[in-house]
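Visitor: Before I ask anything, let me first share the structure, which is written out below as structure tokens.
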Amino acid sequence: AQGVKLVLPALIRGMDESSWRAKASAVELFGAMAYCAPKQLGACLPTVVPNLAAALADSHPKVRDHARTSLNHVVSVVKNPEILRLAPHLLAALDDPDKCPSVLQTVTRTTFVNVVDAPSLALLIPVVLRGLRDRNPDGKKRAAQIVANICSLVSDVKDVVHYLPSLMPAARNSLLDPDPDVRVMSSKALGSLVPSMDGNILSDLLPWLLDKLRSEGSNVERSGAAQGLAQVLAAGDPSKVPDLLSPLLQQIESPKMSVREGVLMLLTFLPKSMGARFEQHVNMVLPTILKGIADEQEAIRDAALRSGRAIISEFSGSALPTILPRVEEGLFDDNWRIRQSSVQMLGDVLQSITGTTWQAISGSQASEDVGYGNKEKSLAVEEILGADRKNRILAALYMLRSDVNPGVQQTAFQVWKSAAEGPKTLKRIMPDLMTVIIQCLGSHAVDKQSIASRALGELVRKLQERILVDVVPILQVQLNEGDVSSRIGVCLGLTELTEAAGKQTLSDFMGDLVPTLQKALCDTELIVRQSAAAAFDNLYNAMGQRAIEEVVPKLLAGFQSQQEGGADPSSLDGLKQLLSVRAQAVLPFLVPHLTTTPVTQDRAQALAALAEVAGDSLTLRLPPILGSLASSWSGRHDCVMVRTGLKVLKGVPTDGLPTIVNELDRGLCSITNSDSAKGFYATLTGQYVDLLISRGMMSRIQPLVVSLVKSMASPERLLSDSGLQALESVFDSLQAADSADAADPKAKDSGAAASTKNAKLLSLVQPICSELNSLALNIAKQRAEGYENAYLTAMTSQEGLESFVSKFLLVVLQNGDSQDKFLATQSISDIASMVPDEVFKPSTKSILGPVVRALNSKSDKAIRIARLQAARLLVGKGGDLCKSLAVPLLSTLSKTISEPDSKVRTEIIATIVAISPLAPRPDPFLNEMIREGAKAPQDLQPQFLHTVAECLRQASATPSAMTIKKISEFARLQLGSPNDSSRMHAGEALAEVCVSQGCAEWSKQLSDADGLAALACDDSSDWELRHGAMCSVGRMLWRGQPAWIEEGETGRQALSSLVSTKLSSLLEDDRVPIQAAAIDALVAIFNLCSKCTSDSVASAIGAHSLAPKLAALVKSAPQVGTCALNHRFFILKHVMQHQLCPLHVKFLCY
């Protein structure tokens, strides 16, 4: 032995020499050792044979020949008779790899009856390794089979240890082979090697198997790993199995499909691998299998079902008490997949007892209840399961034939047919079946309730009144005593019952069914009521109008007793549920009862509640419903009727909106409706607009708004106020909708936000303003006919006017286009004409602001005129309230006097003159007009002069000296203008300047040598300048105060000087314009004297002395033609218009 140990390494090294002679010698010596030391060589064969086998493939023929010879000598040390007989074949396989498959087949056909020693293994293993590494699946399978069988025959497991480093990688690879047979044999081979493995090898193998079991690769890998792990666990220590299984079973919750599938694959192979030793683990793995059955992935469900069937197949007898309770629980699981798999496993259990293969049964549920079972099979099942459990299982199977899932239905039908004997079976299990049905009807699980109700329906269809006698009382008890789930189940049962039973059967049981159904409809839980409504729907389908006549009156009676303080508070809810399923049939029955006038608050609330579920059928019932609510409306504070009407309208579907609009408009305009009823329709319209806006029906709003505007003129305060309040609601809703559109991110991104600002509100400007104008004309006509108190009733209160102005007019004036603003401006005038001044006045300031701001914008002539007229109107109505806006308004208008259009210019001047008294200081706007006038064209300057003169005349304060100076300088520049209008307006302005400074300046201009009167008499000056001065003097005289000549000496002297020294000559001036101006001045003197309290003033100033001269001018007028004739008329006009003193008597005498 020691010599072999010393020589063997040298011989192995010789095999690696490059010289063929050295190799051949080493090989020859290996063969000689069989004779020299056969026992020691046998122990070394695991090393020798592979080297000799390698030499068979050497390139030198003599090396190959010596290798064959040596192998033949080595075979002699093998003691196993079967291996000795196979030795030539094995040596041939080592020499020629192509013979390996046939040799492996020969080995697998050999029956081994003797133990296999180490030399035998040394000769066999190299051939097996070639087979495991072969690509041919048959070779791999046979090689793995040989390993599995031979390892069980080894006399000493240590003999296999030497080969594990080469066998384990090959076994692992073949374990993952695509061929399932290869995987099966490889797993067995791997299991057979476990006894030979030490701790290191096993600790390396288990992690690898677990990793492959959970890998995300193909399921081939997971299947091979599962089989291999099952064989390894079966061959290993049984006490360690729970420690490995527990963490694996928990991974059924893994989110990775590969992990879940791997776990279930392992459970598929473990029962068979471990045999009876696995029975103790069945209770632990069943929950994992059921979870797998409920998995969403079909591959997981299939794997779980295979696992369950594997357990049943393996332990259907011994472990049945453990398996069956779990299967029974799964029959009524909430998950249909678990139900189906449980039925399949139950079929396998019954199949293992009866021998009837349930999968082969075909047919449909429409078949008779005759099965393929018989009395012998039934007794066999009863003997193993017990009579109670057997009946309970059959009842469950019968009920599952009505499962909500078709797959469960079919599977349950097949299993039922495999076990049931015939009709007697159904009769025998009826008590258990009804118990199961009732339990499931009262379950919290919806599927259970549905299955039970459908099963009940099937029974009723088959047995009719024979089953109803027993079923209805049971349902009534459950409805009275059960919890919510039980009551739902009862309703589901009623639904199936009423659908399945015939009309005659239902008619016979109406006395029992109607109270049950009524109680369910009045249940406190919504879901119970909904289920009961479905039962009523079926009852109506079967019984028609009788169902309504039986059920609805009792619910109405319950509702009326509720109003009287009685019980049954849910009758209204029951009616709602009836409407939700049969509105077209039930609503015509309900409406006459609920709309009897006067409508009480309770009935109104009932209408509102029922309208929510009435649907399309509500559209045709709108006229009587709204009419009764309108008739019962007691005024603006009656919110119940309006809320009810609103809910009724909201209950109408979208396609009924045109009907709603027509009905509201008819209610507002109908001459048959009272003002109170119209007020109801107005209030309802205002609150309903929101829904029209949200549904994009702006075109439907316009006629309603026009009707609301018209209602504001009603003399009945209730209607007018309701119309205004409704309009306010409309405006609020439109502005809210416009704001939402403007804030829409899509609108902002597209740049449409600005264009949509107030777009919905502004779309109503034209119809509203047009209707306001019509109302204004109508009210004006009424006043002309003697109705002095004809007003726009809704706006005769301050609150009503301000609300309309702020929510509509101001919004339009601030945001509308030019046309909208024009219409709004006209509406201001219309409203002012329809509203008392004391009501309109407080609102003028708020309206005037936007009007002032709009004056600067460019717009059409008509729009500008309307704005100016509105501004003038507002200032006239508002008075001192508009003071704060006077200065900016005057500043704005001063810059526009040079407007080329004469009509617009006239309106501007009139507006300035109307506003100027409100300015606390006239200087700013007077200076502005002087600056603008200086820049204006020559033909427009008279307009500025006239405006300045009028403003001075009405100014609330005296201008500053600087302003007076600027006005005087500007006017004097035009005093001698060739233009008659310029001279006259310049004189007018100078006269107002003088008057504004008081009596001293007035007297100075009349009497001083440098005064205007002196300038008028200066023959050296141009006649135009003299005429202008004379015009100014005349204006001064017209504007003079009586106190200046009656109480002031200076004024009287100045006037006397004018009369005596200047006016006489001016009356004889050869220039007719100057003469006319002098006549005007003389008449102004007459006028001024007439205002004095003393008649002596006229004599004191000598005015009577000019009467003859004035008469002479009249007499001489005809002698100088048409012009003089006109002049005469001018004199007469002045005298006759101002017959204010005794002088005119003398004049007329002349």
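Convention: chains lettered A, B, ... in structure tokens order; per-chain residue numbering from 1; ligands numbered from 1 as shown.
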As a list in words, please: the residues near Arg643 of chain A (cut-off 9 Å, only C-alpha atoms, same-chain neighbours under 6 positions excluded).

Guide: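 Final neighbour list, sorted by chain and number: Ala604, Gln605, Ala608, Leu684 and Gln687 of chain A.
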
Visitor: Kindly export the residues of the current selection with N, CA and C atoms, as a compact mmCIF listing (two decimals), in the first residue's frame.

Guide:
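Okay, selection-v4.txt is ready:
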```
# COMPACT_ATOMS: atom_id res chain seq x y z
N ALA A 604 -93.70 69.57 0.42
CA ALA A 604 -92.69 70.24 -0.42
C ALA A 604 -91.33 69.56 -0.28
N GLN A 605 -90.98 69.25 0.94
CA GLN A 605 -89.70 68.56 1.16
C GLN A 605 -89.72 67.17 0.52
N ALA A 608 -89.07 67.62 -3.12
CA ALA A 608 -87.65 67.90 -3.36
C ALA A 608 -86.84 66.62 -3.29
N LEU A 684 -87.33 81.76 -8.29
CA LEU A 684 -86.82 80.46 -8.71
C LEU A 684 -85.86 80.61 -9.89
N GLN A 687 -82.35 81.72 -8.87
CA GLN A 687 -81.53 80.69 -8.22
C GLN A 687 -81.18 79.56 -9.17
```

Visitor: Enumerate, as JSON, numbers by chain, the complete set of residues in segment 660-851 of chain A that a backbone-based DSSP assignment places in alpha helix (DSSP H).

Guide: {"A": [660, 661, 662, 663, 664, 665, 666, 667, 668, 669, 675, 676, 677, 678, 679, 680, 681, 682, 683, 684, 685, 686, 687, 688, 689, 690, 691, 692, 693, 694, 698, 699, 700, 701, 702, 703, 704, 705, 706, 707, 708, 709, 710, 711, 717, 718, 719, 720, 721, 722, 723, 724, 725, 726, 727, 728, 729, 730, 731, 732, 733, 734, 735, 736, 737, 738, 739, 740, 741, 742, 743, 745, 746, 747, 748, 749, 750, 759, 760, 761, 762, 765, 766, 767, 768, 769, 770, 771, 772, 773, 774, 775, 776, 777, 778, 779, 780, 781, 782, 783, 784, 798, 799, 800, 801, 802, 803, 804, 810, 811, 812, 813, 814, 815, 818, 819, 820, 821, 822, 823, 824, 825, 826, 827, 828, 829, 830, 831, 832, 833, 834, 837, 838, 839, 840, 844, 845, 846, 847, 848, 849, 850, 851]}

Visitor: Any idea what the distance is between atom CA of Ala500 of chain A and atom CA of Arg461 of chain A?

Guide: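 Taking atom CA of Ala500 of chain A as the start and atom CA of Arg461 of chain A as the end point, the length is 5.0 Å.
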
Visitor: Pick out the residues sitting within 9 Å of Cys999 of chain A, and hand them over as a PyMOL selection string; count only C-alpha atoms, and ignore anything fewer than 6 positions along from it in its own chain.

Guide: chain A and resi 1040-1041+1044-1045+1048+1050-1051

Visitor: Would you pick out the contacts of Val904 of chain A at 6 Å or less, using only C-alpha atoms, so that residues sharing its chain but fewer than 3 positions from it are not included, and give the list as a ChimeraX atom specification?

Guide: /A:865,901,907

Visitor: Create the file for the chosen residues now, containing all heavy atoms and written as an mmCIF file, in the first residue's frame.

Guide:
```cif
data_model
loop_
_atom_site.group_PDB
_atom_site.id
_atom_site.type_symbol
_atom_site.label_atom_id
_atom_site.label_comp_id
_atom_site.auth_asym_id
_atom_site.auth_seq_id
_atom_site.Cartn_x
_atom_site.Cartn_y
_atom_site.Cartn_z
ATOM 1 N N ILE A 865 -71.960 111.650 -27.085
ATOM 2 C CA ILE A 865 -73.077 112.534 -26.715
ATOM 3 C C ILE A 865 -73.876 111.918 -25.567
ATOM 4 O O ILE A 865 -74.249 112.612 -24.609
ATOM 5 C CB ILE A 865 -73.969 112.792 -27.947
ATOM 6 C CG1 ILE A 865 -73.213 113.665 -28.966
ATOM 7 C CG2 ILE A 865 -75.287 113.448 -27.536
ATOM 8 C CD1 ILE A 865 -73.970 113.882 -30.261
ATOM 9 N N ASP A 901 -66.750 118.197 -34.148
ATOM 10 C CA ASP A 901 -68.186 118.017 -34.372
ATOM 11 C C ASP A 901 -68.958 119.013 -33.512
ATOM 12 O O ASP A 901 -68.808 119.061 -32.289
ATOM 13 C CB ASP A 901 -68.583 116.585 -34.013
ATOM 14 C CG ASP A 901 -70.014 116.295 -34.422
ATOM 15 O OD1 ASP A 901 -70.923 116.659 -33.660
ATOM 16 O OD2 ASP A 901 -70.212 115.696 -35.492
ATOM 17 N N GLU A 907 -72.590 119.718 -26.564
ATOM 18 C CA GLU A 907 -72.825 118.909 -25.366
ATOM 19 C C GLU A 907 -71.689 119.078 -24.354
ATOM 20 O O GLU A 907 -71.923 119.104 -23.140
ATOM 21 C CB GLU A 907 -72.970 117.434 -25.758
ATOM 22 C CG GLU A 907 -74.190 117.103 -26.574
ATOM 23 C CD GLU A 907 -75.477 117.319 -25.801
ATOM 24 O OE1 GLU A 907 -75.440 117.290 -24.562
ATOM 25 O OE2 GLU A 907 -76.524 117.530 -26.439
#
```

Visitor: Give the answer as one residue: which of A:Val147, A:Val581, A:Val460, A:Leu618 has the shortest atom-to-atom distance to Asp655 of chain A, using only C-alpha atoms?

Guide: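 Selected residue with least distance to Asp655 of chain A: A:Leu618.
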
Visitor: Closest to Ser729 of chain A among A:Ala713, A:Arg1026, A:Val689, A:Ala445, using only C-alpha atoms?

Guide: A:Val689

Visitor: Would you kindly return, as number ranges by chain, each protein, DNA or RNA residue with an atom no farther than 10 Å from any atom of segment 532-534 of chain A, considering only C-alpha atoms and excluding same-chain residues fewer than 5 positions away?

Guide: A: 487-496, 498, 516-523, 526-527, 539-540, 574-582
